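Please read the structure below before turning to the comments.
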Amino acid sequence: MAANDRIKVSSQNRQEQVCLDELRPYLRPWRCTFVDQRDDFGRDGVVQIVDEEGEECFIIPLTFWVQCKSYKGAFEDNHSDSIETRHLALWTDQFALPLFLVIWSVADQQFRFRSARSVREELDRSNPDWKDQATVSVHYRRYDGYSTPQAAQSAIVRMLKDEMDTKGGVETFHATRRRVVLTTLIPAGRVETSKTMQAEGSRPITLVVGEGWLQGDLNAYEVSADRALAAALLLYEEVWAPMWSVRVCLDLLGEDLTFDLLERERIKLFTTIDTFGFRFDRGAVTGELVSIQRHEDQTMEVQIQRLLDPKYAPSVSRRLTSYIVAPSEIQISRVLEITVADLKRENLRKLLGLRPLIADEEPAWDAILVNRLASFNFSRTFGQFLRADVVQYEGGMSRLASEKDYDLYGLNRRFENIRVFDATLRHFGVPDLGQLLQRIPLHELIVLSDGQGAQAFRDWFWSEAAALIGSGADLTRSFLQHVEHLVQQDLRSFRFVQQLKLRFFQPFDSGYVLGCIVQPKDPAFATTDAKGEETLARQRRIYCQYRQTLIKDQVGGIDPYAKCPCGSGDKYRFCCGRTLGS
C-alpha cells in the first residue's frame with residue numbers, strides 16, 4: 001500500500017458528536033481528547049483524570065477510553081441500546097485500557113455510564129452465546145446515571161480502580177470494592193439438612209448431598225440471614241451468596257428490594273455447572289465423594305423455581321435467571337481432589353469427628369461430614385476464583401480454615417500451636433455490625449448501606465480502622481464515632497462482637513503471622529464465633545449420636561460400640577464397618 005492510498009471509512013457520526021460535545025464540560029477538569037467520531041473506529045476519545053487544587057493541577061495515573069452516543073428521548077428506568085459485538089470484544093480484551101460506554105439524553109440532559117467490562121460480565125452470565133451475534137444489547141439502568149458531575153466522576157474513579165486492582169483479594173484487601181462470600185444464610189428457626197436421593201438402575205445407588213447441619217450444630221445468631229446480610233452490606237460493596245439463598249432474600253427483603261440489590265450488584269448469587277455428593281451402592285457400608293452432572297432439562301429457571309415458595313410467580317424465576325453466576329472455570333473435580341487429600345490428614349479428620357483410620361473409601365454413615373469438608377473447600381476455591389477479600393464461615397468451619405492455614409502457609413512459629421494461632425485471629429477482627437438490628441430495622445439498614453455516608457465509612461474502615469484493629473489496639477472511640485455518625489445514634493452501650501480476619505495482620509507486618517516465603521492465595525476468612533474449638537467439639541458430640549442411628553439404619557442391630565469387623569481394633573461407630581479383607 002502506498003502512502004497516498006486512501007482507506008474508506010464511514011462518515012462522521014453526528015449522534016456521537018452531540019454526546020461528546022456535552023461530555024467535555026461535564027467531566028471538567030478532566031482532560032478529554034477526542035480521537036475520532038466515526039462509527040467504525042470503536043473508540044471516540046480518551047480521558048486523563050486531573051485534580052485541581054486551587055491554581056495547581058495534579059495528574060492521576062488513571063486513563064480510560066470513552067464511546068459515546070446521544071438519545072433524543074427521555075431515559076426510561078432501563079434504557080436499552082445496541083453495540084457491535086466486535087467492538088465489545090475489542091474493548092474488553094485482557095490488554096485493553098478500560099472503556100466506558102456513555103449515553104446522553106437530549107430530552108432530560110442526563111448521562112449514564114457503563115463499564116464495557118461490566119457489560120461483558122453481564123452478557124457472559126445472561127447470554128453465553130453473545131459472541132456469535134453481530135450486535136448485543138446494553139442496558140443503561142437508572143443507577144448508571146448520577147445527579148451531578150462530581151458524583152459521576154467519583155463513581156468512575158472507583159470503577160476504574162477496581163478494574164485495575166490486580167493485588168486486591170490476592171495480596172491485600174481490595175482498595176475500592178470489597179467482596180465477601182457468604183456460605184450460610186439461614187432464616188430464623190430453620191436448620192439446613194442434607195438430602196438423600198435414591199437412583200434406580202442396573203446399579204441402585206444412594207446419593208447424599210448438602211452439608212447436613214443437625215439441630216444444635218449452628219449458633220442461631222451467627223448464621224441468621226438478616227444479621228449476616230445487614231453486616232455484609234454495611235461492610236462490603238459486593239456480597240456473594242449461594243443460589244439457594246435467593247428464597248431467603250426474597251422472604252426477608254421482598255421482591256422489589258431483592259431485585260434492586262441484584263441489579264446494582266450489591267448482592268450476587270452463585271452456583272456451579274455441576275455439583276458434588278457422597279455416593280454409595282444401596283446396602284453398602286462404604287462410599288465415595290463424587291461429582292454430579294446436572295440433567296440437561298434442569299435449566300437455571302427450573303432450578304430456581306424448585307427453590308422458591310409457590311407464592312412466587314414463575315415470572316420471578318425467569319427474571320432471576322440472568323442474575324445467577326455459574327462460572328465454568330470452577331471445576332468441582334478440583335474441589336474433590338483437594339477434599340480427598342484433606343481426608344488423609346489426621347488433624348482435619350479429628351476436628352470433624354471422622355474415624356482415625358484413613359482408607360480410600362469412607363463409611364456411608366459419615367457422608368455428611370465428608371460433604372461438609374467438600375463444602376468448606378468449595379467456598380475457599382470460589383473465593384479464590386473471585387479474588388474475594390473474605391469468606392464468611394460459621395464457627396466450626398472457620399476453625400478448619402485456621403487449621404489448614406497454620407499448616408500450609410509456612411507460619412512463623414511465634415505461635416507455639418494452632419490453638420494460639422486460632423485464638424489470636426479471633427481476637428483481632430471486625431466488629432459485628434449485625435448487632436445494629438437491635439436498634440434499626442433490616443430494611444432501613446440496607447437502605448442506609450447504600451448512602452454516601454456508608455461508602456465513606458467503608459473507605460475509612462478498610463483503609464484506617466482495619467490496620468488499627470489489626471495492630472492490637474482495642475476498638476477505639478474513633479470507630480464508634482464513625483458508626484454513630486453513620487446511623488445517627490448513640491452506641492456507647494454497644495459491645496461489638498469481633499470477627500476473624502486473617503489479612504488484618506498484613507498491613508503492619510506480613511512476617512508477623514505469615515512466613516516470608518509463602519504468600520496465601522486464599523481469601524481471608526471470618527466468623528462471629530469466638531470459640532471455634534468448642535463449636536467443633538459440640539458438632540462432633542451431636543454427630544456421634546446421629547452416627548449411631550445411621551449405623552443401625554444401615555446395617556441393622558449391630559452395637560455401635562462393638563469392635564469393627566475390619567480388624568482395626570476400633571469401635572464400630574468410629575470405623576468403616578467393612579469385613580476383614582474387603
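Chain lettering (A, B, ...) mirrors the order of the C-alpha cells, residue numbering begins at 1 for each chain separately, and ligand numbering begins at 1 in order of display.
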Can you tell me, as a short mmCIF file (atom, residue, chain, number, x, y, z; two decimals) with C-alpha atoms, in the first residue's frame, what residues are no more than 7 Å from Glu16 of chain A when counting only C-alpha atoms, ignoring any on the same chain fewer than 4 positions away?
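The file below, part.cif, is the result:
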data_model
loop_
_atom_site.label_atom_id
_atom_site.label_comp_id
_atom_site.auth_asym_id
_atom_site.auth_seq_id
_atom_site.Cartn_x
_atom_site.Cartn_y
_atom_site.Cartn_z
CA LEU A 20 -19.03 14.25 23.01
CA GLN A 37 -16.22 10.29 15.71
CA CYS A 68 -20.42 7.98 23.24
CA LYS A 69 -23.94 8.13 21.89
CA SER A 70 -26.88 10.54 22.13
#
Q: Excluding Leu433 of chain A and any residue of its chain fewer than 3 positions from it, enumerate the residues within 9 Å of it, using only C-alpha atoms, and give them as a list in words.
A: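 The filter keeps Arg227, Ala230, Ala231, Ala232, Leu234, Leu235, Val430, Leu436, Leu437, Val483, Phe496 and Val497 of chain A.
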With N, CA and C atoms retained, could you export that selection as a PDB file, in the first residue's frame?
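The new file out38.pdb reads:
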ATOM      1  N   ARG A 227     -29.061 -10.874  60.059  1.00  0.00           N
ATOM      2  CA  ARG A 227     -27.834 -10.321  60.632  1.00  0.00           C
ATOM      3  C   ARG A 227     -26.686 -10.363  59.630  1.00  0.00           C
ATOM      4  N   ALA A 230     -27.261  -7.795  56.771  1.00  0.00           N
ATOM      5  CA  ALA A 230     -27.076  -6.410  57.215  1.00  0.00           C
ATOM      6  C   ALA A 230     -25.601  -6.092  57.410  1.00  0.00           C
ATOM      7  N   ALA A 231     -24.889  -6.986  58.119  1.00  0.00           N
ATOM      8  CA  ALA A 231     -23.465  -6.753  58.381  1.00  0.00           C
ATOM      9  C   ALA A 231     -22.665  -6.720  57.087  1.00  0.00           C
ATOM     10  N   ALA A 232     -22.964  -7.653  56.164  1.00  0.00           N
ATOM     11  CA  ALA A 232     -22.198  -7.743  54.919  1.00  0.00           C
ATOM     12  C   ALA A 232     -22.415  -6.514  54.043  1.00  0.00           C
ATOM     13  N   LEU A 234     -23.251  -3.531  54.953  1.00  0.00           N
ATOM     14  CA  LEU A 234     -22.654  -2.344  55.561  1.00  0.00           C
ATOM     15  C   LEU A 234     -21.137  -2.324  55.391  1.00  0.00           C
ATOM     16  N   LEU A 235     -20.504  -3.509  55.385  1.00  0.00           N
ATOM     17  CA  LEU A 235     -19.049  -3.579  55.369  1.00  0.00           C
ATOM     18  C   LEU A 235     -18.448  -3.814  53.985  1.00  0.00           C
ATOM     19  N   VAL A 430     -13.106  -7.655  62.910  1.00  0.00           N
ATOM     20  CA  VAL A 430     -14.088  -6.639  62.544  1.00  0.00           C
ATOM     21  C   VAL A 430     -15.239  -6.668  63.526  1.00  0.00           C
ATOM     22  N   LEU A 436     -26.557  -3.982  64.972  1.00  0.00           N
ATOM     23  CA  LEU A 436     -27.369  -2.773  64.805  1.00  0.00           C
ATOM     24  C   LEU A 436     -28.842  -3.095  64.589  1.00  0.00           C
ATOM     25  N   LEU A 437     -29.155  -4.354  64.264  1.00  0.00           N
ATOM     26  CA  LEU A 437     -30.557  -4.755  64.122  1.00  0.00           C
ATOM     27  C   LEU A 437     -31.328  -4.603  65.430  1.00  0.00           C
ATOM     28  N   VAL A 483     -19.315   4.900  63.377  1.00  0.00           N
ATOM     29  CA  VAL A 483     -20.571   4.153  63.267  1.00  0.00           C
ATOM     30  C   VAL A 483     -21.739   5.014  63.734  1.00  0.00           C
ATOM     31  N   PHE A 496     -19.302  -4.561  70.696  1.00  0.00           N
ATOM     32  CA  PHE A 496     -19.289  -5.242  69.415  1.00  0.00           C
ATOM     33  C   PHE A 496     -18.569  -6.583  69.491  1.00  0.00           C
ATOM     34  N   VAL A 497     -19.275  -7.625  69.054  1.00  0.00           N
ATOM     35  CA  VAL A 497     -18.649  -8.937  68.910  1.00  0.00           C
ATOM     36  C   VAL A 497     -17.655  -8.841  67.756  1.00  0.00           C
TER      37      VAL A 497
END
Q: Give me every strand (DSSP E or B) residue in segment 273-307 of chain A, going by DSSP on the backbone, as number ranges by chain.
A: A: 274-281, 286-293
**Q.** Pick from A:Arg264, A:His87, A:Arg120, A:Arg31 nearest to Arg141 of chain A, counting only C-alpha atoms
**A.**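 Using only C-alpha atoms, Arg141 of chain A sits closest to A:Arg264.
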Q) Between A:Val157, A:Val18, A:Leu27, A:Val180, which has the minimum distance to Trp104 of chain A (counting only C-alpha atoms)? A)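 Looking only at the distances to Trp104 of chain A, the closest residue turns out to be A:Val18.
In terms of minimum interatomic distance to Leu23 of chain A, A:Leu101 ranks closest within A:Val208, A:Leu101, A:Leu62, A:Val420, counting only C-alpha atoms.
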Closest pair table for segment 313-362 of chain A residues within 6 Å of segment 271-290 of chain A, only C-alpha atoms, as a tab-separated table:
residue	atom	partner	partner_atom	distance
A:Ala326	CA	A:Thr272	CA	4.7
A:Glu361	CA	A:Glu288	CA	5.6
A:Glu362	CA	A:Thr286	CA	5.4
Write out, as an mmCIF file, in the first residue's frame, the residues just selected, with N, CA and C atoms.
data_model
loop_
_atom_site.group_PDB
_atom_site.id
_atom_site.type_symbol
_atom_site.label_atom_id
_atom_site.label_comp_id
_atom_site.auth_asym_id
_atom_site.auth_seq_id
_atom_site.Cartn_x
_atom_site.Cartn_y
_atom_site.Cartn_z
ATOM 1 N N ALA A 326 -22.660 -18.694 37.192
ATOM 2 C CA ALA A 326 -22.204 -20.087 37.242
ATOM 3 C C ALA A 326 -20.916 -20.205 36.428
ATOM 4 N N GLU A 361 -12.017 -45.365 50.920
ATOM 5 C CA GLU A 361 -13.442 -45.093 50.984
ATOM 6 C C GLU A 361 -13.853 -44.792 52.421
ATOM 7 N N GLU A 362 -14.930 -44.026 52.546
ATOM 8 C CA GLU A 362 -15.424 -43.648 53.859
ATOM 9 C C GLU A 362 -16.730 -44.387 54.153
#
(Q) To one decimal place in Å, what is the distance between atom CA of Glu84 of chain A and atom CA of Trp65 of chain A? (A)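 One can read the atom CA of Glu84 of chain A to atom CA of Trp65 of chain A distance as 16.5 Å.
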Q. Can you tell me, as JSON, numbers by chain, what residues are no more than 7 Å from Glu211 of chain A when counting only C-alpha atoms, ignoring any on the same chain fewer than 6 positions away?
A. {"A": [193, 194, 368, 371, 372, 375]}
Residues from the last selection, N, CA and C atoms, saved as an mmCIF file, in the first residue's frame:
data_model
loop_
_atom_site.group_PDB
_atom_site.id
_atom_site.type_symbol
_atom_site.label_atom_id
_atom_site.label_comp_id
_atom_site.auth_asym_id
_atom_site.auth_seq_id
_atom_site.Cartn_x
_atom_site.Cartn_y
_atom_site.Cartn_z
ATOM 1 N N THR A 193 -30.525 -29.151 56.276
ATOM 2 C CA THR A 193 -30.099 -30.538 56.433
ATOM 3 C C THR A 193 -29.725 -31.119 55.082
ATOM 4 N N SER A 194 -29.158 -32.321 55.130
ATOM 5 C CA SER A 194 -28.791 -32.998 53.883
ATOM 6 C C SER A 194 -30.019 -33.533 53.173
ATOM 7 N N ILE A 368 -22.203 -37.123 55.549
ATOM 8 C CA ILE A 368 -22.441 -35.704 55.826
ATOM 9 C C ILE A 368 -21.138 -34.995 56.175
ATOM 10 N N ASN A 371 -19.104 -34.460 53.041
ATOM 11 C CA ASN A 371 -19.700 -33.361 52.272
ATOM 12 C C ASN A 371 -19.410 -32.011 52.913
ATOM 13 N N ARG A 372 -19.380 -31.993 54.231
ATOM 14 C CA ARG A 372 -19.131 -30.741 54.946
ATOM 15 C C ARG A 372 -17.719 -30.225 54.633
ATOM 16 N N SER A 375 -17.716 -28.908 51.084
ATOM 17 C CA SER A 375 -18.366 -27.595 51.020
ATOM 18 C C SER A 375 -17.412 -26.500 51.478
#
Q | Using only C-alpha atoms: which of A:Ala537, A:Pro356, A:Arg86, A:Phe378 has the shortest distance to Asp570 of chain A | A |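 Using only C-alpha atoms, Asp570 of chain A sits closest to A:Pro356.
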